[in-house]
Each structure stands twice: as C-alpha cells, then as structure tokens.
Amino acid sequence: MKITKVEIIPVKIPPRIEFRTSMGHKMGSHYNIVKLITDEGLVGLGNGTSYSNPQAQEKIVIGMRNAARQAIIGQDPMNTDLILNRIEAALGEGMIGDNSRILAVFDYALYDLKGKILDVPVYDLLGGLCRDKIPLEWITIMDEPAAQAELASTYIKAGFHSLKMHIGLDHKMAVERFRTVREAVGPDIPIGIDMAGVWRAHDAIRLIEDLDKYDLHFAEDPAVPFDADGFLSVKNRTCVPLVADRCARSINEAYNLIKIRAVDSFHCLLDKVGGIRKAVLYTNLIEAVDLDYAICVMGVGISHAAGAHFAVSRAKRAGFHEFNDEIGLSLYTYGATGTKDVTTDITKEMSGTIENGCLYPPKGPGLGVELNEEMVKKYATPGLSKVTVE
C-alpha cells in the first residue's frame, strides 16, 4: 500500500467565543485540513492549530504542499516514523512554530490512516487505554472581571474541575480579575494563571505573591521564552508551582528547564510540540524526572480527536494529578460546554466525548472521525483553493 495523493483544504471557522490571551491576542479562525489517500482508497485525516489570517494560512499551505511532495507521496503509510522523519527533513531546521504545526497535522493524519489500516483506535497504537474518564480544566479568556467571572462560573457549573485564567499585563487589573473569579467560583476550585511569557521575572514574583492571597494554584510561563534564569529566579522566590508552555515548546527547551529544576510541570500542547509522536517523547522525558504535565490540543474536530486519543493513552503516575488536562478547546469555537452541543464541526461527530467536564475515550478505527463535507464546503476560506499533490 502506498500514499498516492495528498489534499490540503483551507477552511475558516469563526469562533463563537472570542479567545483572548494575556497578550491580547485573539485565537485565529483559519485551519487546514489534510487528507492522505492511499492506492487502496483509505483516507487519513488531520487538521491543526488556527491561524489569524488567510496570508498566514496560505504560507502554511505552501509549506504543507512542499512537505507532501518531498516526503509523503509514494510512501508506505505503515512506516509512520520514517515518514515523519522525512517531513522534518523537508521542513528544514527548527521544529518550533509553523514547522512543528505542519508536522502535527501530518502526524494526526498518519496515525489516523495507520489505525484504519489495522482497524484499531489510535490509542491502541500508543499502548492502549489507560484512562477511561479524565477530569478537565477550562481556560477563561481575558475579559473584564465580571465577564470573565461569569464565563468561569458557566463552565464550573457545567462540571469542569479547575480553571486557568488569562490575566493581562496590568498588575492591579490582573489581581482584580483573579479576585473576582475566585469569589464567583468559591474556595474549592483550583485556579491557575497563564502569564503568557511576557512578564519580567521580578514583576512576575510580585504578582504571584499578591494572587496567592486568593489561593493561586499555579503560574504558567512567568518569564519570557528562552529566559531559563528568569524562570529559575521566580521558582526560587515563590512557593507556587510553575508551569512551562511557551518557554518549553520543544523537547530541547523542556530539557533545558528540567536540567536546572526551574519548573514543576509542563503544558504539552500537541500542535506546538509537533503531534502525537513528539508528544510521546516530550511526556516520557517529563515522567522520567518525576515531574507533571497537562495535555492540551487546539483546532477543531480532527485535532480534538487526536488529543483525546493521546490523553487516554497516558496513565500519568500515581499521585501526579495536580494539573488537569485541557482537552476541549474546540468547544470555544462552537460556544459549547460539552460535545453533544457541537453540531456544525468539520466532522460528523466529535470523537472524544466531553460531558460534565470530563473527557471519555474516543472512537476508532484510527481517530474515529469522518469529515462533514457539507461543513467543509461551507467553511472554505475565501480566496484559497484546495491543493492536491500526486
């Protein structure tokens, strides 16, 4: 069996809830769907992180087209690692940023295709089902304090087990946002903050100290990326657990923070680290040194399924459940609190049910997803056409 055709389909899916980070950035609405098609008619599906505009999306489509030509066409889909290594070589040096996101899209599609060939769910390719019910964390977007508290309360009432807040760059307003949310959800809900890697270390220390008066669960990215010394400075002067995300976008960056013991946990965003195969290596490294991690995935139905398969395949060590996983960011796109309310995704059904704030095992074979061609057509990005590589 050989992969004989690759289709890249640009789509635009405007989110119903505007996702604003601590930097003020908004989550994009442009996604790329990929189909890997074999000479026997089997199809593997992938999609990945959103982009902010069609120009950025077109750039990614070009990178995906070139990678498909050089690394995928004519390959045996069972040779997953070989093909992914070929894609990395085709993308060139630096598997951070756009290159890692391109790798992730093809990674999802290859795992989907291999699962379909073997007639097993992707989590079986990763060692089998380890968790059959995963409590989830919800991310509260940056907003006015009252609005942020209202949204936080909505998702806690829907069953989500913890919160992570985007709090902005103004110290006083950050404290007001956190205090308002804490009062809204009560004392028993763990609340962490995402500092987005834009605070200087000494300012981060002051903010963490002030927020800990309201029981701060963790602080994510309290120093700028590449500033391992700044991370360590915050670690040495606070007692709140620190989480690395933007400061540990790759296995090498995670290793550098681990070496100096500057962090307590990591945020494993599958699209950012390069997909399922890279996420396995990333989390194995973290477990080897007895640290913790939370799993996250962005995008819509296909990438949600990829994240769900990966999450249920990870046992997490006994006692290492302090940081809840963040599968389910696709719900922002559709303004939903559970997958049953999602009816207009690019997939016909969400594989990886979220109900009462918990994730349940997705379906198979493969990722267990089927494209909703009507929605794909509806969401086609204006001015960008499907690209076919044969």
# chains A, B, ... in the order shown; residues from 1 in each chain; ligands from 1
>>> closest_atom_pairs(of="region 277-303 of chain A", to="region 44-59 of chain A", cutoff="9 Å", atoms="only C-alpha atoms", output="JSON lines")
{"residue": "A:Val297", "atom": "CA", "partner": "A:Thr49", "partner_atom": "CA", "distance": 8.3}
{"residue": "A:Met298", "atom": "CA", "partner": "A:Thr49", "partner_atom": "CA", "distance": 5.6}
{"residue": "A:Gly299", "atom": "CA", "partner": "A:Thr49", "partner_atom": "CA", "distance": 4.8}
{"residue": "A:Val300", "atom": "CA", "partner": "A:Asn47", "partner_atom": "CA", "distance": 7.6}
{"residue": "A:Gly301", "atom": "CA", "partner": "A:Asn47", "partner_atom": "CA", "distance": 8.3}
{"residue": "A:Ile302", "atom": "CA", "partner": "A:Asn47", "partner_atom": "CA", "distance": 5.9}
{"residue": "A:Ser303", "atom": "CA", "partner": "A:Asn47", "partner_atom": "CA", "distance": 5.7}
>>> residues_around(residues="Leu371 (chain A)", least_positions_apart="2", cutoff="12 Å", atoms="only C-alpha atoms", output="ChimeraX atom specification")
/A:9,33-35,43-47,300-302,344-351,367-369,373-377
>>> write_last_selection(atoms="C-alpha atoms", output="PDB file, in the first residue's frame")
ATOM      1  CA  ILE A   9      -8.106  22.073   2.306  1.00  0.00           C
ATOM      2  CA  ILE A  33      -7.455  20.012   6.741  1.00  0.00           C
ATOM      3  CA  VAL A  34      -5.234  17.342   5.226  1.00  0.00           C
ATOM      4  CA  LYS A  35      -6.257  14.066   3.560  1.00  0.00           C
ATOM      5  CA  VAL A  43      -8.007   8.149   3.832  1.00  0.00           C
ATOM      6  CA  GLY A  44      -6.158   9.564   6.843  1.00  0.00           C
ATOM      7  CA  LEU A  45      -7.365  12.913   8.217  1.00  0.00           C
ATOM      8  CA  GLY A  46      -5.513  15.675  10.034  1.00  0.00           C
ATOM      9  CA  ASN A  47      -6.014  19.311  10.993  1.00  0.00           C
ATOM     10  CA  VAL A 300     -11.433  21.600  15.764  1.00  0.00           C
ATOM     11  CA  GLY A 301     -12.879  18.082  15.474  1.00  0.00           C
ATOM     12  CA  ILE A 302      -9.961  16.160  13.951  1.00  0.00           C
ATOM     13  CA  THR A 344     -21.548  22.190  12.896  1.00  0.00           C
ATOM     14  CA  ASP A 345     -17.994  20.856  13.163  1.00  0.00           C
ATOM     15  CA  ILE A 346     -15.988  19.694  10.146  1.00  0.00           C
ATOM     16  CA  THR A 347     -16.520  16.148  11.470  1.00  0.00           C
ATOM     17  CA  LYS A 348     -19.904  14.448  11.516  1.00  0.00           C
ATOM     18  CA  GLU A 349     -19.488  13.569  15.195  1.00  0.00           C
ATOM     19  CA  MET A 350     -16.966  14.614  17.846  1.00  0.00           C
ATOM     20  CA  SER A 351     -14.713  11.656  18.657  1.00  0.00           C
ATOM     21  CA  LEU A 367      -9.047   8.770  15.135  1.00  0.00           C
ATOM     22  CA  GLY A 368     -12.689   7.784  14.747  1.00  0.00           C
ATOM     23  CA  VAL A 369     -13.617  10.842  12.680  1.00  0.00           C
ATOM     24  CA  GLU A 373     -18.233  17.539   3.645  1.00  0.00           C
ATOM     25  CA  GLU A 374     -21.155  19.972   3.834  1.00  0.00           C
ATOM     26  CA  MET A 375     -19.472  21.892   6.643  1.00  0.00           C
ATOM     27  CA  VAL A 376     -16.065  21.731   4.931  1.00  0.00           C
ATOM     28  CA  LYS A 377     -17.617  23.337   1.851  1.00  0.00           C
TER      29      LYS A 377
END
>>> select_by_dssp(residues="region 118-150 of chain A", states="helix (DSSP H, G or I)", output="short mmCIF file (atom, residue, chain, number, x, y, z; two decimals) with N, CA and C atoms, in the first residue's frame")
data_model
loop_
_atom_site.label_atom_id
_atom_site.label_comp_id
_atom_site.auth_asym_id
_atom_site.auth_seq_id
_atom_site.Cartn_x
_atom_site.Cartn_y
_atom_site.Cartn_z
N LEU A 118 -5.07 -0.97 10.34
CA LEU A 118 -5.03 -2.06 11.33
C LEU A 118 -6.37 -2.30 12.00
N VAL A 122 -6.51 4.82 17.58
CA VAL A 122 -5.15 5.33 17.70
C VAL A 122 -4.57 5.06 19.07
N TYR A 123 -5.41 5.13 20.12
CA TYR A 123 -4.83 4.89 21.45
C TYR A 123 -4.25 3.49 21.60
N ASP A 124 -4.73 2.53 20.80
CA ASP A 124 -4.12 1.20 20.82
C ASP A 124 -2.72 1.22 20.21
N LEU A 125 -2.47 2.13 19.28
CA LEU A 125 -1.14 2.27 18.70
C LEU A 125 -0.16 2.88 19.70
N PRO A 145 -13.39 41.89 34.45
CA PRO A 145 -13.50 40.94 35.57
C PRO A 145 -14.86 40.27 35.70
N ALA A 146 -15.95 41.04 35.61
CA ALA A 146 -17.28 40.45 35.78
C ALA A 146 -17.61 39.46 34.67
N ALA A 147 -17.23 39.81 33.42
CA ALA A 147 -17.50 38.92 32.29
C ALA A 147 -16.65 37.66 32.39
N GLN A 148 -15.42 37.80 32.83
CA GLN A 148 -14.55 36.64 32.99
C GLN A 148 -15.08 35.72 34.08
N ALA A 149 -15.57 36.31 35.16
CA ALA A 149 -16.13 35.52 36.25
C ALA A 149 -17.40 34.80 35.82
N GLU A 150 -18.21 35.45 35.00
CA GLU A 150 -19.45 34.83 34.53
C GLU A 150 -19.16 33.61 33.67
#
>>> residues_around(residues="Pro222 (chain A)", least_positions_apart="5", cutoff="8 Å", atoms="only C-alpha atoms", output="JSON list (two decimals) with C-alpha atoms, in the first residue's frame")
[["chain", "number", "residue", "atom", "x", "y", "z"],
["A", 194, "ASP", "CA", -1.32, 31.97, 32.24],
["A", 195, "MET", "CA", 1.25, 34.78, 32.28],
["A", 196, "ALA", "CA", 1.95, 34.18, 28.57],
["A", 197, "GLY", "CA", 5.72, 34.59, 28.85],
["A", 198, "VAL", "CA", 5.51, 38.39, 28.71],
["A", 199, "TRP", "CA", 6.23, 39.32, 32.36],
["A", 200, "ARG", "CA", 9.70, 40.16, 33.64],
["A", 201, "ALA", "CA", 10.75, 37.87, 36.45],
["A", 204, "ALA", "CA", 6.02, 38.11, 37.98],
["A", 231, "PHE", "CA", 12.18, 31.12, 35.33],
["A", 234, "VAL", "CA", 10.75, 33.03, 40.08],
["A", 242, "LEU", "CA", 5.35, 26.87, 37.96]]
>>> closest_residue(among="A:Pro77, A:Gly192, A:Gly168, A:Gly41", to="Lys114 (chain A)", atoms="only C-alpha atoms")
A:Pro77
>>> closest_residue(among="A:Ile60, A:Ala294, A:Met142, A:Ile83", to="Val243 (chain A)", atoms="only C-alpha atoms")
A:Ala294
>>> residues_around(residues="Tyr155 (chain A)", least_positions_apart="5", cutoff="9 Å", atoms="only C-alpha atoms", output="PyMOL selection string")
chain A and resi 138+150+160-161+163+337+357
>>> atom_distance(atom1="CA of Leu84 (chain A)", atom2="CA of His30 (chain A)")
23.8 Å
>>> closest_residue(among="A:Leu384, A:Val289, A:Gly128, A:Ile139", to="Thr154 (chain A)", atoms="only C-alpha atoms")
A:Ile139
>>> closest_residue(among="A:Leu169, A:Ala68, A:Leu291, A:Cys296", to="Lys272 (chain A)", atoms="only C-alpha atoms")
A:Cys296
>>> residues_around(residues="Asp76 (chain A)", least_positions_apart="2", cutoff="8 Å", atoms="only C-alpha atoms", output="ChimeraX atom specification")
/A:1-3,74,78-79
>>> closest_residue(among="A:Phe19, A:Phe310, A:Tyr31, A:Tyr214", to="Tyr108 (chain A)", atoms="only C-alpha atoms")
A:Phe310
>>> residues_around(residues="Ala380 (chain A)", least_positions_apart="5", cutoff="9 Å", atoms="only C-alpha atoms", output="PyMOL selection string")
chain A and resi 9-13+375+385-386
>>> write_last_selection(atoms="C-alpha atoms", output="compact mmCIF listing (two decimals), in the first residue's frame")
# COMPACT_ATOMS: atom_id res chain seq x y z
CA ILE A 9 -8.11 22.07 2.31
CA PRO A 10 -8.04 25.59 3.83
CA VAL A 11 -11.10 26.48 5.94
CA LYS A 12 -12.20 29.43 8.06
CA ILE A 13 -14.33 28.72 11.15
CA MET A 375 -19.47 21.89 6.64
CA SER A 385 -8.40 26.73 -3.03
CA LYS A 386 -7.80 23.12 -2.19
>>> select_by_dssp(residues="region 42-238 of chain A", states="strand (DSSP E)", output="list in words")
Val43, Gly44, Leu45, Gly46, Asn47, Ile134, Pro135, Glu137, Trp138, Ile139, Thr140, Ser162, Leu163, Lys164, Met165, His166, Ile191, Gly192, Ile193, Asp194, Ala219 and Glu220 of chain A
